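The structure appears right after this line, and notes come after that.
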2 protein chains.
Amino acid sequence: MKFVEGGVTRAAGFEAAGVGAQIKYQGRDDMALVYSKVPCVAAGTFTTNVVKAAPVKWDQRIVKESETVQVVIVNSGIANACTGTEGYGYCEETAKAAAEVFQVEMEQVLIGSTGVIGMQLPMERIKKGITLLAEEKTDTLEAGNKAAKAIMTTDTRDKQVAVEVEIDGKKVTIGGMAKGSGMIHPNMCTMLAFITTDASISKEALQQALSEDVKDTYNMISVDGDTSTNDTVLLLANAMAGNEEIKIGTENYRIFAAALHAVNETLAKKMAGDGEGATALFEAKVIGAESKQQAQTLAKSIVCSNLTKTAIAGHDANWGRILCAMGYSGAQFDPEKVDLFFESKAGKIKIIENGTAVDYSEEEATKILSEEEVTVIADIKSGEAKGTAWGCDLTHGYIEINADYRS
Amino acid sequence: MKFVEGGVTRAAGFEAAGVGAQIKYQGRDDMALVYSKVPCVAAGTFTTNVVKAAPVKWDQRIVKESETVQVVIVNSGIANACTGTEGYGYCEETAKAAAEVFQVEMEQVLIGSTGVIGMQLPMERIKKGITLLAEEKTDTLEAGNKAAKAIMTTDTRDKQVAVEVEIDGKKVTIGGMAKGSGMIHPNMCTMLAFITTDASISKEALQQALSEDVKDTYNMISVDGDTSTNDTVLLLANAMAGNEEIKIGTENYRIFAAALHAVNETLAKKMAGDGEGATALFEAKVIGAESKQQAQTLAKSIVCSNLTKTAIAGHDANWGRILCAMGYSGAQFDPEKVDLFFESKAGKIKIIENGTAVDYSEEEATKILSEEEVTVIADIKSGEAKGTAWGCDLTHGYIEINADYRS
């Protein structure tokens with residue numbers, strides 16, 4: 001497996017575009033397209049929030065019921081959440097308009113939305129945007145870049161990744177783009193990821209590979225603990241690589257799943273590191289656990305704690321807060337067996353051994369914690385399992401983005 | 001029942017003191033005493049964190065095993081958490097020193113600690129502090145004030161309350177003090193509450209009254225979602241009111257429990273309103289619920305969300321964030337039945353009806369949200385139960401206290 005340049009247009013047969021449709025913003029692109037020249041099988045995972053946005057409800061139905069899809073239409077101005085039956089109607093209208101323009105069935109159109117909650121979509125602009133997207137679409141990496149930029153809200157940089165892997169003697173590519181950690185007036189953080197592959201793979205295998213991997217990637221990041229109404233990951237496979245169709249339980253499935261994991265983990269880390277106001281990616285690794293679930297519960301509790309996050313912002317080796325966050329995670333462990341380390345490209349330092357502090361250098365710890373990517377490693381010494389979670393530091397920037405803009 | 005002036009010394013037979021022992025601070029009191037002239041029955045509730053501070057372990061044993069207690073020694077400089085067997089040994093030593101000075105058994109001494117984690121107690125200073133506390137103690141309201149100030153860390157004001165109620169023809173008083181929302185270099189938030197009553201009540205009834213009520217009061221507040229290693233509520237009853245002993249299931253138990261609830265709720269709200277960096281007490285009431293548990297889960301999710309908290313800081317009627325936080329709380333409900341209101345002493349305004357926004361005045365909403373105590377009321381229209389939670393807004397002050405002080 002190797003990482004290569006590009007995103008959603010890297011795999012064979014995929015096109016993309018990003019255009020300005022003035023859904024909310026002036027002077028920047030706010031609609032994006034992902035298009036496959038041939039029908040794809042699709043897999044999706046969606047927010048678990050009881051309050052689900054209209055496009056989430058639409059996509060859930062399409063991913064479940066449609067044999068193939070071909071078009072994804074995204075806008076980054078309005079979330080179309082808490083918009084009732086009117087809002088769901090606009091999803092149907094969007095799909096219908098796209099079906100006409102791209103000459104597909106409306107049940108082959110998926111929809112992503114992020115942005116303001118509670119507002120209705122301006123359908124004339126959406127329809128004009130769809131026409132523009134159809135005119136602009138190409139299969140170049142540049143088109144992938146434009147789409148990746150058009151789905152951003154308060155993201156400070158676009159998030160793309162692509163990997164190549166050999167399956168069945170054929171080169172198979174998986175590429176993706178995501179937006180996340182964005183907050184937009186007056187609203188909530190939304191993560192969207194769109195992944196394309198030219199692999200030939202059964203729909204069942206595609207969904208299983210995605211559902212399994214989401215637990216270890218997107219579900220292990222947190223910026224502020226707030227699960228959005230719009231979270232969506234979509235994965236499209238168009239079979240243009242020409243490999244024999246991948247089935248569950250085969251060696252080829254394992255290769256595909258590993259490549260998909262590389263894509264998902266990369267996008268998830270990019271989102272965590274670009275969390276609102278963030279100055280650092282904050283990674284927590286729990287090792288020596290009895291089970292992966294125990295390790296993941298502990299790791300996620302560490303990156304979700306406001307206190308550990310403010311300590312990272314202050315480059316402060318505040319190990320008490322980390323033990324505390326592990327302690328209330330809900331997972332059982334013996335605090336008096338815990339060894340704790342901080343690591344970054346500036347070095348690695350042991351802070352705690354068997355639950356109490358060792359004689360470490362605060363100066364060295366601060367140096368390690370001043371990097372843009374910092375890792376805390378907790379060895380709970382009760383088994384062989386491990387788990388990793390990703391978050392970011394909590395800074396004045398977060399407060400500014402979320403409190404100050406409207407008052 | 002009526003609210004009266006004072007705190008832990010309001011009930012008959014209780015004395016208190018606060019002294020400077022230089023545990024961590026210079027020039028302010030950092031040790032406190034609560035003392036009963038006669039032996040008391042005691043009840044306690046403690047942190048559920050797997051990582052428990054040494055004094056929590058000590059108090060859990062004493063509350064469970066000792067028939068009576070008489071002395072509570074508190075320091076607000078060092079939390080004595082993550083200090084291993086050495087730290088637990090210092091609890092024993094503290095109890096032994098206090099037993100000698102106050103002429104009681106060491107198993108009649110309870111201990112509270114808050115402050116720096118991972119540091120060991122300076123036992124000579126603790127012992128000197130105990131001697132000073134014994135010299136200073138009196139039963140005046142002023143002594144209660146001094147004790148309430150001596151347990152503060154980053155609290156901006158002391159927290160006391162007292163109520164009087166008639167039981168069995170006798171005046172029964174319950175008074176208490178608490179500290180909370182404090183963070184102290186380099187450490188975690190700790191809440192401590194100490195409540196005294198002159199009621200005659202069985203130990204079993206006392207513990208049940210406390211355990212039941214904690215669920216609706218202290219467990220319904222949140223400043224930053226981080227459950228401390230040191231959280232402790234202690235309730236002492238010395239029977240000096242002269243009423244017939246209160247037993248579980250009686251009318252007198254009901255009266256006592258209601259008065260205790262008033263004390264606990266008042267202290268809990270004072271802690272939430274004095275959260276680190278807070279400019280407002282943020283109350284969430286969920287009504288029309290199927291069960292109290294459903295209502296409390298939803299209410300607590302609202303006050304715990306960083307996004308709702310930053311919106312309150314910005315005086316922003318960001319109802320989408322509130323619905324979102326309800327949606328991921330884990331409780332089931334129908335978002336399309338929710339009515340939402342904001343209320344403060346500046347007025348009350350309806351924002352959402354049946355899950356979508358009504359045509360409200362942003363200006364009026366901002367005015368209501370600019371008060372020092374703001375309430376959101378969510379009517380989920382599926383039953384008669386209700387629940388309330390309390391938090392505070394999330395401001396630059398929180399980041400300053402927790403990130404900036406050490407870097």
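Identifiers for the structure tokens are assigned positionally: chains receive A, B, ... in sequence, residues are indexed from 1 per chain, and ligands are indexed from 1 in the order shown.
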task: Please report, as a PyMOL selection string, each residue of segment 77-305 of chain B to which DSSP assigns strand (DSSP E) when run on this structure's backbone.
output: chain B and resi 109-113+159-167+170-182+190-197+232-237+281-289
task: Kindly determine which residues of chain B lie within 6 Å of chain A, considering only C-alpha atoms, and give the answer as a VMD selection string.
output: chain B and resid 49 to 51 82 310 to 311 313 to 314 327 to 328 356 396 402 to 404 407
task: Determine which residues of segment 128-339 of chain B receive a DSSP assignment of alpha helix (DSSP H), computed from the backbone, and state them as a ChimeraX atom specification.
output: /B:128-136,141-150,203-214,251-273,292-304,306-313,319-327
query: Neighbours of Thr94 of chain A within 12 Å (only C-alpha atoms; same-chain residues fewer than 4 positions away dropped), as a PyMOL selection string?
result: chain A and resi 54-55+58+71-75+80+87-90+98-101+106-113+121-131
Please provide as a PDB file with C-alpha atoms, in the first residue's frame all residues within 8 Å of Ser222 of chain A, with the sequence filter that same-chain residues fewer than 2 positions apart are discarded (counting only C-alpha atoms).
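Written file, part_4.pdb:
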```
ATOM      1  CA  ASN A 219     -15.664   7.437  16.038  1.00  0.00           C
ATOM      2  CA  MET A 220     -12.353   7.838  17.874  1.00  0.00           C
ATOM      3  CA  ASP A 224     -15.875  19.177  21.606  1.00  0.00           C
ATOM      4  CA  GLY A 225     -17.907  16.112  22.497  1.00  0.00           C
ATOM      5  CA  ALA A 272      -9.047  16.307  14.847  1.00  0.00           C
ATOM      6  CA  LYS A 300     -11.432   8.584  24.143  1.00  0.00           C
ATOM      7  CA  VAL A 303      -8.989  13.299  24.463  1.00  0.00           C
ATOM      8  CA  CYS A 304     -12.536  14.404  25.390  1.00  0.00           C
ATOM      9  CA  TRP A 390      -7.512  11.733  18.561  1.00  0.00           C
ATOM     10  CA  GLY A 391      -8.559  15.182  19.669  1.00  0.00           C
ATOM     11  CA  CYS A 392      -7.118  18.658  19.860  1.00  0.00           C
TER      12      CYS A 392
END
```
message: Can you tell me which residues surround segment 23-31 of chain A at a distance of at most 6 Å, considering only C-alpha atoms, apart from same-chain residues fewer than 3 positions away, and format the answer as a VMD selection string?
response: chain A and resid 18 to 20 74 to 77 150
message: So that I can see what lies close to segment 3-9 of chain A, please list as an MDAnalysis selection string the residues with an atom at most 9 Å from it, counting only C-alpha atoms and leaving out residues fewer than 3 positions away in the same chain.
response: chainID A and resid 12:16 34:35 138:145 147:148 159:164 174:177 194:197 262:263
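From atom CA of Glu276 of chain B back to atom CA of Gly180 of chain B, the distance works out to 9.0 Å.
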- request: Determine, counting only C-alpha atoms, which protein, DNA and RNA residues have an atom within 8 Å of an atom of Val172 of chain B; residues of the same chain fewer than 2 positions away are not included. Present the result as a ChimeraX atom specification.
  value: /B:11,164-167,170,174,197-199,241,243
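Among the candidates B:Ala17, B:Leu281, B:Leu267, B:Ala178, the residue lying nearest to Met191 of chain B is B:Ala178 (atoms considered: only C-alpha atoms).
Here atom CA of Met271 of chain A stands at a distance of 22.8 Å from atom CA of Ala42 of chain A.
In this model, the gap between atom CA of Thr68 of chain A and atom CA of Arg10 of chain A comes to 20.3 Å.
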